[in-house]
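Asks: A single structure is presented below for examination.
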Amino acid sequence: MKTLVLLRHGESVWNKENRFTGWTDVGLTPKGIEEAKEAGRVLKEKGFEFDLAFTSYLKRAIKTLWLALEEMEQMWIPVYKSWRLNEKHYGNLQGLNKAETAKKFGDDKVLMWRRSYDIPPDPLDINDKRHPRFEAKYKELSPEELPATEALKDTIERLIPYWENNIKPALAEHDQVLVAAHGNSLRGIVKYLKNMSEEEIIKFNIPTGIPYVFEFDDDLNLLSDEFIGDPETIRKLQEQVANQAKK
């Protein structure tokens, strides 16, 4: 039996302010810190013992991983970071309030920018200081690899090679693997593992700080998947995520 746990980072400062965050490197709120710790407590209570973990280059995911592993007394395990696990890049929307943007442009337009499978927001200008080329953490990436905006389709396309070349082989070799990342990068993994349609993944939401457990047989055939927690509470949290961009 093989186990993969997906963990979306705890509430970030811009989650709380209802802003499009994307690749902007914002920290966790006090609530987000507690969500990360609670995820670790829950995983420890359930008896998880991870062999290694993966996360993105963004500190809200990295710190969530640290806090969860600290609660589990498993901070010693190997941790691998990749920009390919970063959140979807929201282009010129990054930093804007979702509800205010919906009020200005309409719910349907903002929903398209947020959740369209293949229509990205307007890109950042190459000289915009928000562009990732100005950040040291991405200095090893080629210009072709650095996004100025992304649709979910683009996020999944840059994510899947990392799944195939790094996470999947780790899961084949080890029994329990943890991935702490972001709503859209994790949705990309979910779509790929469950062979979901574009329409299905657009409507699927992952709450912050709730462990999402996938079980596989030894040949990595998917057997089951479920969030850890009360189903009704999780449903309400998923609805909150879906309604963030309504005016």
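Convention: chains lettered A, B, ... in structure tokens order; per-chain residue numbering from 1; ligands numbered from 1 as shown.
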With a distance cut-off of 6 Å and only C-alpha atoms, select the neighbouring residues of stretch 151-154 of chain A, excluding the residue or stretch itself and same-chain residues fewer than 6 positions from it, and output the selection as a list of chain:residue names.

Replies: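 Close residues of stretch 151-154 of chain A: A:Tyr117, A:Asp118, A:Ile119, A:Pro120.
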
Asks: Using only C-alpha atoms, tabulate the residues of stretch 148-230 of chain A lying at most 12 Å from any atom of stretch 95-114 of chain A, each with its closest atom pair and that distance in Å to one decimal, by chain and increasing residue number, as a Markdown table.

Replies:
| residue | atom | partner | partner_atom | distance |
| --- | --- | --- | --- | --- |
| A:Thr149 | CA | A:Trp113 | CA | 10.5 |
| A:Glu150 | CA | A:Trp113 | CA | 9.5 |
| A:Ala151 | CA | A:Trp113 | CA | 7.8 |
| A:Leu152 | CA | A:Arg114 | CA | 8.6 |
| A:Lys153 | CA | A:Arg114 | CA | 11.9 |
| A:Gly183 | CA | A:Arg114 | CA | 11.4 |
| A:Asn184 | CA | A:Arg114 | CA | 9.9 |
| A:Ile202 | CA | A:Arg114 | CA | 9.2 |
| A:Lys203 | CA | A:Leu111 | CA | 10.8 |
| A:Asn205 | CA | A:Arg114 | CA | 12.0 |

Asks: Would you export the selected residues with N, CA and C atoms as a PDB file, in the first residue's frame, please?

Replies:
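Below you can see out.pdb, which holds the result:
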ATOM      1  N   THR A 149       1.778  34.841 -16.800  1.00  0.00           N
ATOM      2  CA  THR A 149       0.395  34.516 -16.461  1.00  0.00           C
ATOM      3  C   THR A 149       0.197  33.038 -16.776  1.00  0.00           C
ATOM      4  N   GLU A 150      -0.848  32.444 -16.219  1.00  0.00           N
ATOM      5  CA  GLU A 150      -1.146  31.042 -16.503  1.00  0.00           C
ATOM      6  C   GLU A 150      -2.644  30.791 -16.406  1.00  0.00           C
ATOM      7  N   ALA A 151      -3.131  29.901 -17.236  1.00  0.00           N
ATOM      8  CA  ALA A 151      -4.407  29.241 -17.010  1.00  0.00           C
ATOM      9  C   ALA A 151      -4.125  27.950 -16.240  1.00  0.00           C
ATOM     10  N   LEU A 152      -5.170  27.325 -15.726  1.00  0.00           N
ATOM     11  CA  LEU A 152      -4.975  26.059 -15.015  1.00  0.00           C
ATOM     12  C   LEU A 152      -4.280  25.040 -15.904  1.00  0.00           C
ATOM     13  N   LYS A 153      -4.619  25.040 -17.185  1.00  0.00           N
ATOM     14  CA  LYS A 153      -3.988  24.130 -18.147  1.00  0.00           C
ATOM     15  C   LYS A 153      -2.473  24.300 -18.137  1.00  0.00           C
ATOM     16  N   GLY A 183      -3.620  25.629  -3.956  1.00  0.00           N
ATOM     17  CA  GLY A 183      -4.917  25.190  -4.459  1.00  0.00           C
ATOM     18  C   GLY A 183      -4.866  24.682  -5.886  1.00  0.00           C
ATOM     19  N   ASN A 184      -4.245  25.455  -6.788  1.00  0.00           N
ATOM     20  CA  ASN A 184      -4.270  25.070  -8.191  1.00  0.00           C
ATOM     21  C   ASN A 184      -3.225  24.028  -8.554  1.00  0.00           C
ATOM     22  N   ILE A 202     -12.597  22.221 -12.741  1.00  0.00           N
ATOM     23  CA  ILE A 202     -12.932  23.633 -12.561  1.00  0.00           C
ATOM     24  C   ILE A 202     -13.823  23.815 -11.338  1.00  0.00           C
ATOM     25  N   LYS A 203     -14.697  22.841 -11.074  1.00  0.00           N
ATOM     26  CA  LYS A 203     -15.653  22.931  -9.967  1.00  0.00           C
ATOM     27  C   LYS A 203     -15.121  22.353  -8.661  1.00  0.00           C
ATOM     28  N   ASN A 205     -12.764  22.094  -5.397  1.00  0.00           N
ATOM     29  CA  ASN A 205     -12.077  23.042  -4.523  1.00  0.00           C
ATOM     30  C   ASN A 205     -11.365  22.318  -3.385  1.00  0.00           C
TER      31      ASN A 205
END

Asks: Can you measure atom CA of A:Phe214 to atom CA of A:Lys194 for me? One decimal in Å is fine.

Replies: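 Computed distance, atom CA of A:Phe214 to atom CA of A:Lys194, equals 10.1 Å.
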
Asks: Can you pull out every residue within 9 Å of A:Thr24, counting only C-alpha atoms, but drop anything in the same chain fewer than 2 positions away, and send it as a list in words?

Replies: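 In the requested form, the answer reads Phe20, Thr21, Gly22, Val26, Leu58, His89, Gln94, Gly95, Arg130 and Pro132 of chain A.
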
Asks: Would you save the residues from that selection as a PDB file, in the first residue's frame, using N, CA, C and O atoms?

Replies:
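And here is the file that came out, selection-v8.pdb:
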ATOM      1  N   PHE A  20      -5.944  38.063  -5.216  1.00  0.00           N
ATOM      2  CA  PHE A  20      -5.282  37.107  -6.093  1.00  0.00           C
ATOM      3  C   PHE A  20      -3.801  37.072  -5.712  1.00  0.00           C
ATOM      4  O   PHE A  20      -3.119  38.090  -5.755  1.00  0.00           O
ATOM      5  N   THR A  21      -3.311  35.898  -5.362  1.00  0.00           N
ATOM      6  CA  THR A  21      -1.954  35.790  -4.840  1.00  0.00           C
ATOM      7  C   THR A  21      -0.978  35.245  -5.875  1.00  0.00           C
ATOM      8  O   THR A  21       0.040  35.860  -6.160  1.00  0.00           O
ATOM      9  N   GLY A  22      -1.263  34.074  -6.422  1.00  0.00           N
ATOM     10  CA  GLY A  22      -0.383  33.499  -7.430  1.00  0.00           C
ATOM     11  C   GLY A  22       1.032  33.293  -6.924  1.00  0.00           C
ATOM     12  O   GLY A  22       1.250  32.684  -5.885  1.00  0.00           O
ATOM     13  N   VAL A  26       3.649  35.674  -0.146  1.00  0.00           N
ATOM     14  CA  VAL A  26       3.091  36.203   1.100  1.00  0.00           C
ATOM     15  C   VAL A  26       3.108  35.119   2.182  1.00  0.00           C
ATOM     16  O   VAL A  26       3.117  33.927   1.888  1.00  0.00           O
ATOM     17  N   LEU A  58       7.340  28.811  -2.533  1.00  0.00           N
ATOM     18  CA  LEU A  58       6.626  29.908  -1.879  1.00  0.00           C
ATOM     19  C   LEU A  58       6.486  29.643  -0.388  1.00  0.00           C
ATOM     20  O   LEU A  58       6.097  28.548   0.031  1.00  0.00           O
ATOM     21  N   HIS A  89       0.006  31.141 -11.775  1.00  0.00           N
ATOM     22  CA  HIS A  89       0.385  32.548 -11.874  1.00  0.00           C
ATOM     23  C   HIS A  89      -0.822  33.342 -12.388  1.00  0.00           C
ATOM     24  O   HIS A  89      -1.343  33.068 -13.470  1.00  0.00           O
ATOM     25  N   GLN A  94      -2.572  39.711  -9.924  1.00  0.00           N
ATOM     26  CA  GLN A  94      -1.925  39.482  -8.637  1.00  0.00           C
ATOM     27  C   GLN A  94      -1.927  40.749  -7.777  1.00  0.00           C
ATOM     28  O   GLN A  94      -1.480  41.810  -8.210  1.00  0.00           O
ATOM     29  N   GLY A  95      -2.473  40.600  -6.575  1.00  0.00           N
ATOM     30  CA  GLY A  95      -2.581  41.719  -5.655  1.00  0.00           C
ATOM     31  C   GLY A  95      -3.947  42.363  -5.622  1.00  0.00           C
ATOM     32  O   GLY A  95      -4.268  43.099  -4.687  1.00  0.00           O
ATOM     33  N   ARG A 130       6.660  42.833 -10.449  1.00  0.00           N
ATOM     34  CA  ARG A 130       6.054  41.598  -9.948  1.00  0.00           C
ATOM     35  C   ARG A 130       6.468  40.385 -10.774  1.00  0.00           C
ATOM     36  O   ARG A 130       6.187  39.247 -10.399  1.00  0.00           O
ATOM     37  N   PRO A 132       8.395  37.304 -12.174  1.00  0.00           N
ATOM     38  CA  PRO A 132       9.321  36.415 -11.432  1.00  0.00           C
ATOM     39  C   PRO A 132      10.775  36.514 -11.875  1.00  0.00           C
ATOM     40  O   PRO A 132      11.662  36.064 -11.135  1.00  0.00           O
TER      41      PRO A 132
END

Asks: Between atom CA of A:Ser116 and atom CA of A:Gly10, measure the distance and give it in Å to one decimal.

Replies: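 These two atoms are separated by 24.1 Å.
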
Asks: Need to verify the contact set: A:Leu85, 6 Å, only C-alpha atoms, exclusion of same-chain residues closer than 2 positions in sequence. Can you return it as number ranges by chain?

Replies: A: 56, 82-83, 185

Asks: Taking into account only C-alpha atoms, which residue in the set A:Leu4, A:Ala136, A:Leu141, A:Ile234 is nearest to A:Asp175?

Replies: A:Leu4

Asks: Can you pull out the residues contacting stretch 215-227 of chain A? Cut-off 6 Å, using only C-alpha atoms, and skip same-chain residues under 4 positions away; I want them as a PDB file with all heavy atoms, in the first residue's frame.

Replies:
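Just written: part19.pdb:
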ATOM      1  N   MET A   1       0.838  -1.202   0.000  1.00  0.00           N
ATOM      2  CA  MET A   1       0.000   0.000   0.000  1.00  0.00           C
ATOM      3  C   MET A   1       0.876   1.256   0.000  1.00  0.00           C
ATOM      4  O   MET A   1       1.856   1.340   0.734  1.00  0.00           O
ATOM      5  CB  MET A   1      -0.907  -0.006   1.229  1.00  0.00           C
ATOM      6  CG  MET A   1      -1.869   1.166   1.309  1.00  0.00           C
ATOM      7  SD  MET A   1      -3.269   0.989   0.206  1.00  0.00           S
ATOM      8  CE  MET A   1      -4.172  -0.302   1.048  1.00  0.00           C
ATOM      9  N   LYS A   2       0.518   2.210  -0.833  1.00  0.00           N
ATOM     10  CA  LYS A   2       1.223   3.480  -0.927  1.00  0.00           C
ATOM     11  C   LYS A   2       0.261   4.614  -0.570  1.00  0.00           C
ATOM     12  O   LYS A   2      -0.916   4.576  -0.957  1.00  0.00           O
ATOM     13  CB  LYS A   2       1.756   3.704  -2.349  1.00  0.00           C
ATOM     14  CG  LYS A   2       2.645   2.583  -2.868  1.00  0.00           C
ATOM     15  CD  LYS A   2       4.010   2.618  -2.213  1.00  0.00           C
ATOM     16  CE  LYS A   2       4.934   1.602  -2.852  1.00  0.00           C
ATOM     17  NZ  LYS A   2       6.310   1.679  -2.309  1.00  0.00           N
ATOM     18  N   THR A   3       0.770   5.620   0.133  1.00  0.00           N
ATOM     19  CA  THR A   3      -0.080   6.726   0.568  1.00  0.00           C
ATOM     20  C   THR A   3       0.534   8.062   0.167  1.00  0.00           C
ATOM     21  O   THR A   3       1.707   8.326   0.436  1.00  0.00           O
ATOM     22  CB  THR A   3      -0.270   6.711   2.096  1.00  0.00           C
ATOM     23  OG1 THR A   3      -0.845   5.459   2.485  1.00  0.00           O
ATOM     24  CG2 THR A   3      -1.202   7.830   2.526  1.00  0.00           C
ATOM     25  N   PRO A 211      -5.869  17.893   5.245  1.00  0.00           N
ATOM     26  CA  PRO A 211      -5.153  16.820   4.545  1.00  0.00           C
ATOM     27  C   PRO A 211      -6.071  16.036   3.608  1.00  0.00           C
ATOM     28  O   PRO A 211      -7.203  15.702   3.960  1.00  0.00           O
ATOM     29  CB  PRO A 211      -4.652  15.929   5.691  1.00  0.00           C
ATOM     30  CG  PRO A 211      -4.637  16.814   6.900  1.00  0.00           C
ATOM     31  CD  PRO A 211      -5.795  17.746   6.719  1.00  0.00           C
TER      32      PRO A 211
END

Asks: Pick out each residue of stretch 50-204 of chain A that DSSP on the backbone tags as helix (DSSP H, G or I); I need them as a ChimeraX atom specification.

Replies: /A:59-72,83-85,91-93,98-105,107-115,132-134,136-138,152-173,183-194,198-202

Asks: Mind checking which residues fall within 10 Å of A:Ile189, counting only C-alpha atoms, ignoring those fewer than 6 positions away in the same chain, and posting them as JSON, numbers by chain?

Replies: {"A": [6, 85, 156, 159, 160, 163, 195]}

Asks: What's around A:Asn166 at 12 Å? Count only C-alpha atoms, leave out sequence neighbours fewer than 5 positions away in its own chain, and write the answer as a PyMOL selection string.

Replies: chain A and resi 52-55+79-82+84-85+159-161+171-173+177+179

Asks: Looking at A:Ile228, A:Ile201, A:Ile33, A:Ala148, which one is nearest to A:Lys59, with distances taken over only C-alpha atoms?

Replies: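 Result for the nearest residue to A:Lys59: A:Ile33.
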
Asks: For atom CA of A:Leu146 and atom CA of A:Trp66, quote the distance in Å rounded to one decimal.

Replies: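 So the two atoms, atom CA of A:Leu146 and atom CA of A:Trp66, lie 26.4 Å apart.
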